[in-house]
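A short worksheet on the structure shown next.
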2 protein chains.
Amino acid sequence: MFPDRLKTAQDGVQAALDAALAARAEVAVIHAMRYALKGGKRLRAFLVLEGAALHGLAAKTAMPAAAAVEALHAYSLIHDDLPCMDDDDLRRGRPTVHVEWDEATAVLAGDALQTLAFELCTDPVLGPADRRIELVRSLALASGAEGMVLGQALDIAAESAPRALTLDEITALQAGKTGALIAFAATAGAVLSNADRAPLAAYARALGLAFQITDDILDVEGDPEKAGKRLKKDIAAGKATFVSLLGIDAAKARARELVAEAEEALASFGSAAEPLRQVARFVIEREA
Amino acid sequence: MFPDRLKTAQDGVQAALDAALAARAEVAVIHAMRYALKGGKRLRAFLVLEGAALHGLAAKTAMPAAAAVEALHAYSLIHDDLPCMDDDDLRRGRPTVHVEWDEATAVLAGDALQTLAFELCTDPVLGPADRRIELVRSLALASGAEGMVLGQALDIAAESAPRALTLDEITALQAGKTGALIAFAATAGAVLSNADRAPLAAYARALGLAFQITDDILDVEGDPEKAGKRLKKDIAAGKATFVSLLGIDAAKARARELVAEAEEALASFGSAAEPLRQVARFVIEREA
């Protein structure tokens with residue numbers, strides 16, 4: 001069942017990440033990388049593994065891609081938490097990397113985690129070289145200046161903008177900031193098996209948006225203890241969110257609609273896609 | 001002749017970098033990326049192109065790898081210049097990125113330039129997928145937590161260490177901080193043509209060390225105007241350098257020895273390797 005499958009994915013990806021950083025120099029930057037790679041829901045890794053399973057790929061075969069997306073995600077969290085960015089001191093229930101070490105170590109650990117993500121995508125276990133190079137390219141496009149970094153840049157620009165963002169602008173911003181990497185994760189299995197990416201891309205588009213709307217809802221209604229990070233920051237900063245623009249009830253209704261859309265995008269896969277449908281429902285029902 | 005070949009390489013790689021960032025969103029992070037990609041000696045790109053030519057590859061074929069190493073190098077300079085790292089306000093004769101924009105933009109521009117480097121390594125122009133994936137892997141190993149980032153981490157740790165570094169420790173530090181990326185650049189042509197990397201790796205090892213020793217000499221004797229950055233920072237910080245450990249004359253003699261070693265490593269290539277020998281001589285004769 002879903003909780004068991006998620007737990008198996010979490011354990012598998014943690015083992016893969018531990019192995020990737022075994023036998024390295026015992027310096028602060030490596031310690032900080034290991035620290036930042038602990039915990040989290042591992043939703044992105046789960047999407048990789050379930051998307052791969054849907055295309056007949058064993059978990060072992062897809063594991064380096066699952067580890068890669070978590071390494072990339074961990075890098076983005078470290079840098080987003082920096083004082084010059086979102087200035088957060090709590091993440092996954094623990095001090096952020098620049099608080100536990102210092103800013104220089106946080107910058108370098110994030111840098112090296114991004115590098116590690118690309119290194120993991122070259123693992124021969126993932127299959128033929130032409131599939132791996134497509135995976136590298138797909139990760140680069142999702143995470144770079146046309147994807148995740150662009151989203152974060154737009155988010156930071158919005159803080160000093162003369163007016164609040166519109167719903168369309170926030171949707172575009174989030175498509176980059178969180179959506180692009182979720183899309184990479186969901187389509188990695190299709191990339192690795194050279195299958196049509198379109199159904200999983202459509203699933204990921206709806207899922208990513210539902211995920212972000214739920215994040216905005218949890219920022220207002222969530223329990224900071226469970227979240228492991230500070231909440232109500234957006235309200236305090238007067239930032240436009242899906243909740244501030246839609247109202248909490250309409251935001252919840254929109255998230256439910258998007259989950260239905262995400263489930264529908266998987267229709268052609270039949271019952272084989274049930275775990276991915278469960279993820280979509282989990283994404284809006286989660287408490288953290 | 002060498003200056004003409006270098007100029008051709010500089011123009012070629014700038015065009016490739018311009019093309020890579022054409023038609024992107026007009027946001028600060030993209031502007032900062034373009035800014036950081038201007039100027040510089042382009043020694044690393046030159047090494048890629050000449051190492052490729054030595055293996056019969058046309059400049060056009062190797063150009064994305066040349067652009068990749070410059071994008072990677074530019075990212076490392078932006079992050080190294082940050083206030084939490086070396087805190088430099090001048091680079092290539094212009095304000096550093098965090099001075100011209102702000103720290104958040106500098107972190108993000110560096111992040112996206114690293115991503116761009118890996119994206120460039122996937123360009124089909126570079127040849128078969130198995131060669132490109134080797135290039136990605138080679139770049140990741142050179143630039144990550146076992147290469148460049150490790151070197152920078154050791155450098156930062158040295159600043160607060162209770163004693164100055166020894167010659168062996170500085171050599172190891174520099175092998176990571178500047179040597180690994182120089183080695184990537186020099187061997188990229190061998191990687192792309194699936195040839196023996198050993199001769200160019202030996203050349204790069206000697207060249208990288210000669211380069212760093214010369215940097216330390218220029219930090220003492222150089223002209224800040226020509227360097228386009230602040231000098232005498234190491235002395236001011238009381239940091240051990242090749243000059244502080246060896247003395248200026250012995251440092252110069254050591255650099256000359258290393259250039260001879262670098263030239264010797266290319267013996268099997270005969271006169272075809274002349275441009276690479278000229279680079280080695282240029283590296284210790286340069287004024288900036």
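Starting from 1 in every chain, residues are counted up; chains themselves are A, B, ... following the order of the structure tokens, and ligands are numbered from 1 as listed.
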
Can you write out as JSON lines which residues of chain A fall within 9 Å of chain B, alongside each residue's closest atom pair and its distance in Å to one decimal, counting only C-alpha atoms and ordering rows by chain and ascending residue number?
```
{"residue": "A:Arg24", "atom": "CA", "partner": "B:Glu146", "partner_atom": "CA", "distance": 7.4}
{"residue": "A:Ala25", "atom": "CA", "partner": "B:Glu146", "partner_atom": "CA", "distance": 7.6}
{"residue": "A:Val27", "atom": "CA", "partner": "B:Ala153", "partner_atom": "CA", "distance": 7.9}
{"residue": "A:Ala28", "atom": "CA", "partner": "B:Ala153", "partner_atom": "CA", "distance": 7.9}
{"residue": "A:Val29", "atom": "CA", "partner": "B:Ala153", "partner_atom": "CA", "distance": 6.7}
{"residue": "A:Ile30", "atom": "CA", "partner": "B:Ala145", "partner_atom": "CA", "distance": 7.1}
{"residue": "A:His79", "atom": "CA", "partner": "B:Val107", "partner_atom": "CA", "distance": 7.6}
{"residue": "A:Asp80", "atom": "CA", "partner": "B:Ala104", "partner_atom": "CA", "distance": 9.0}
{"residue": "A:Leu82", "atom": "CA", "partner": "B:Ala104", "partner_atom": "CA", "distance": 8.6}
{"residue": "A:Pro83", "atom": "CA", "partner": "B:Ala104", "partner_atom": "CA", "distance": 8.8}
{"residue": "A:Cys84", "atom": "CA", "partner": "B:Ala104", "partner_atom": "CA", "distance": 5.3}
{"residue": "A:Met85", "atom": "CA", "partner": "B:Ala104", "partner_atom": "CA", "distance": 5.5}
{"residue": "A:Asp102", "atom": "CA", "partner": "B:Cys84", "partner_atom": "CA", "distance": 8.4}
{"residue": "A:Glu103", "atom": "CA", "partner": "B:Cys84", "partner_atom": "CA", "distance": 5.9}
{"residue": "A:Ala104", "atom": "CA", "partner": "B:Cys84", "partner_atom": "CA", "distance": 5.3}
{"residue": "A:Thr105", "atom": "CA", "partner": "B:Ala153", "partner_atom": "CA", "distance": 7.4}
{"residue": "A:Val107", "atom": "CA", "partner": "B:His79", "partner_atom": "CA", "distance": 7.6}
{"residue": "A:Leu108", "atom": "CA", "partner": "B:Val149", "partner_atom": "CA", "distance": 6.4}
{"residue": "A:Ala109", "atom": "CA", "partner": "B:Ala145", "partner_atom": "CA", "distance": 8.1}
{"residue": "A:Gly110", "atom": "CA", "partner": "B:Asp111", "partner_atom": "CA", "distance": 8.8}
{"residue": "A:Asp111", "atom": "CA", "partner": "B:Asp111", "partner_atom": "CA", "distance": 7.0}
{"residue": "A:Ala112", "atom": "CA", "partner": "B:Gly144", "partner_atom": "CA", "distance": 4.9}
{"residue": "A:Leu113", "atom": "CA", "partner": "B:Gly144", "partner_atom": "CA", "distance": 7.9}
{"residue": "A:Gln114", "atom": "CA", "partner": "B:Thr115", "partner_atom": "CA", "distance": 8.0}
{"residue": "A:Thr115", "atom": "CA", "partner": "B:Gly144", "partner_atom": "CA", "distance": 5.5}
{"residue": "A:Leu116", "atom": "CA", "partner": "B:Gly144", "partner_atom": "CA", "distance": 6.8}
{"residue": "A:Ala117", "atom": "CA", "partner": "B:Ala140", "partner_atom": "CA", "distance": 8.9}
{"residue": "A:Phe118", "atom": "CA", "partner": "B:Ala140", "partner_atom": "CA", "distance": 6.7}
{"residue": "A:Glu119", "atom": "CA", "partner": "B:Ala140", "partner_atom": "CA", "distance": 5.5}
{"residue": "A:Leu120", "atom": "CA", "partner": "B:Arg137", "partner_atom": "CA", "distance": 8.6}
{"residue": "A:Cys121", "atom": "CA", "partner": "B:Arg137", "partner_atom": "CA", "distance": 8.7}
{"residue": "A:Thr122", "atom": "CA", "partner": "B:Ile133", "partner_atom": "CA", "distance": 6.1}
{"residue": "A:Asp123", "atom": "CA", "partner": "B:Arg137", "partner_atom": "CA", "distance": 8.8}
{"residue": "A:Pro128", "atom": "CA", "partner": "B:Asp130", "partner_atom": "CA", "distance": 8.1}
{"residue": "A:Ala129", "atom": "CA", "partner": "B:Asp130", "partner_atom": "CA", "distance": 4.9}
{"residue": "A:Asp130", "atom": "CA", "partner": "B:Ala129", "partner_atom": "CA", "distance": 4.9}
{"residue": "A:Arg131", "atom": "CA", "partner": "B:Ala129", "partner_atom": "CA", "distance": 8.4}
{"residue": "A:Arg132", "atom": "CA", "partner": "B:Ile133", "partner_atom": "CA", "distance": 7.1}
{"residue": "A:Ile133", "atom": "CA", "partner": "B:Ile133", "partner_atom": "CA", "distance": 5.8}
{"residue": "A:Glu134", "atom": "CA", "partner": "B:Thr122", "partner_atom": "CA", "distance": 7.8}
{"residue": "A:Val136", "atom": "CA", "partner": "B:Glu119", "partner_atom": "CA", "distance": 7.3}
{"residue": "A:Arg137", "atom": "CA", "partner": "B:Glu119", "partner_atom": "CA", "distance": 5.6}
{"residue": "A:Ser138", "atom": "CA", "partner": "B:Glu119", "partner_atom": "CA", "distance": 8.6}
{"residue": "A:Leu139", "atom": "CA", "partner": "B:Glu119", "partner_atom": "CA", "distance": 8.5}
{"residue": "A:Ala140", "atom": "CA", "partner": "B:Glu119", "partner_atom": "CA", "distance": 5.4}
{"residue": "A:Leu141", "atom": "CA", "partner": "B:Glu119", "partner_atom": "CA", "distance": 7.3}
{"residue": "A:Ser143", "atom": "CA", "partner": "B:Thr115", "partner_atom": "CA", "distance": 7.2}
{"residue": "A:Gly144", "atom": "CA", "partner": "B:Ala112", "partner_atom": "CA", "distance": 4.9}
{"residue": "A:Ala145", "atom": "CA", "partner": "B:Ala112", "partner_atom": "CA", "distance": 5.4}
{"residue": "A:Glu146", "atom": "CA", "partner": "B:Arg24", "partner_atom": "CA", "distance": 7.4}
{"residue": "A:Val149", "atom": "CA", "partner": "B:Leu108", "partner_atom": "CA", "distance": 6.4}
{"residue": "A:Leu150", "atom": "CA", "partner": "B:Val29", "partner_atom": "CA", "distance": 7.7}
{"residue": "A:Gln152", "atom": "CA", "partner": "B:Leu108", "partner_atom": "CA", "distance": 8.2}
{"residue": "A:Ala153", "atom": "CA", "partner": "B:Val29", "partner_atom": "CA", "distance": 6.7}
{"residue": "A:Leu154", "atom": "CA", "partner": "B:Val27", "partner_atom": "CA", "distance": 7.9}
{"residue": "A:Ile156", "atom": "CA", "partner": "B:Ala104", "partner_atom": "CA", "distance": 8.1}
{"residue": "A:Ala157", "atom": "CA", "partner": "B:Ala28", "partner_atom": "CA", "distance": 8.7}
```

For range 190-192 of chain A: contacts at 10 Å, only C-alpha atoms, fewer than 3 positions along chain excluded, given as a ChimeraX atom specification: /A:48,51-57,61-62,65,126-135,138,184-187,195-201

As number ranges by chain, please: every residue in range 55-221 of chain A that DSSP puts in alpha helix (DSSP H). A: 59-81, 97-100, 103-120, 129-143, 148-159, 167-174, 180-192, 198-221

Coordinates-based distance that separates CA of Ala16 in chain B from CA of Ala67 in chain B (Å, one decimal): 6.3 Å

Nearby residues (only C-alpha atoms) at most 8 Å from Ala227 in chain B, same-chain spacing under 6 positions excluded, as a ChimeraX atom specification: /B:92-93,287-288

Do a neighbour search on Ala262 in chain B at 6 Å with only C-alpha atoms, toss out local chain neighbours closer than 4 positions, and write the hits as a VMD selection string. chain B and resid 203 206 to 207

Might you pull out every residue within 12 Å of Pro224 in chain B, with only C-alpha atoms counted and same-chain residues fewer than 4 positions away left off, and present them as a ChimeraX atom specification? /B:90-93,218-220,228-233,287-288

Output as a ChimeraX atom specification all residues of range 90-159 of chain B that backbone DSSP marks as strand (DSSP E). /B:90-91,94-95

Please list as a VMD selection string every residue within 9 Å of Val279 in chain A, counting only C-alpha atoms and excluding residues in the same chain fewer than 5 positions away. chain A and resid 2 43 46 to 47 207 274 284

Mind dumping the selected residues with C-alpha atoms as a compact mmCIF listing (two decimals), in the first residue's frame?
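Written file, result12.txt:
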```txt
# COMPACT_ATOMS: atom_id res chain seq x y z
CA PHE A 2 0.97 3.65 -0.42
CA LEU A 43 8.04 12.83 -2.86
CA PHE A 46 8.92 8.49 -5.12
CA LEU A 47 7.68 10.07 -8.36
CA LEU A 207 0.30 17.74 -9.32
CA GLU A 274 -2.59 3.67 -8.82
CA ILE A 284 -3.33 17.69 -0.83
```

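Take CA of Ala237 in chain A and CA of Val97 in chain A: the distance between them is 22.8 Å.
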
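CA of Thr214 in chain B to CA of Val259 in chain B spans 11.1 Å [interatomic distance, one decimal].
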
May I ask which of the residues A:Ala45, A:Ala158, A:Ala32, A:Leu167 is the closest one to Thr8 in chain A, counting only C-alpha atoms? A:Ala45

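For Glu263 in chain A, the list of residues within 12 Å, based on only C-alpha atoms and with local chain neighbours fewer than 4 positions off taken out, reads Pro199, Leu200, Ala202, Tyr203, Ala204, Arg205, Ala206, Leu207, Ala210, Arg256, Glu257, Leu258, Val259, Ala267, Ser268, Phe269, Gly270, Ser271, Ala273, Glu274, Pro275, Leu276, Arg277, Gln278, Val279, Ala280 and Arg281 of chain A.
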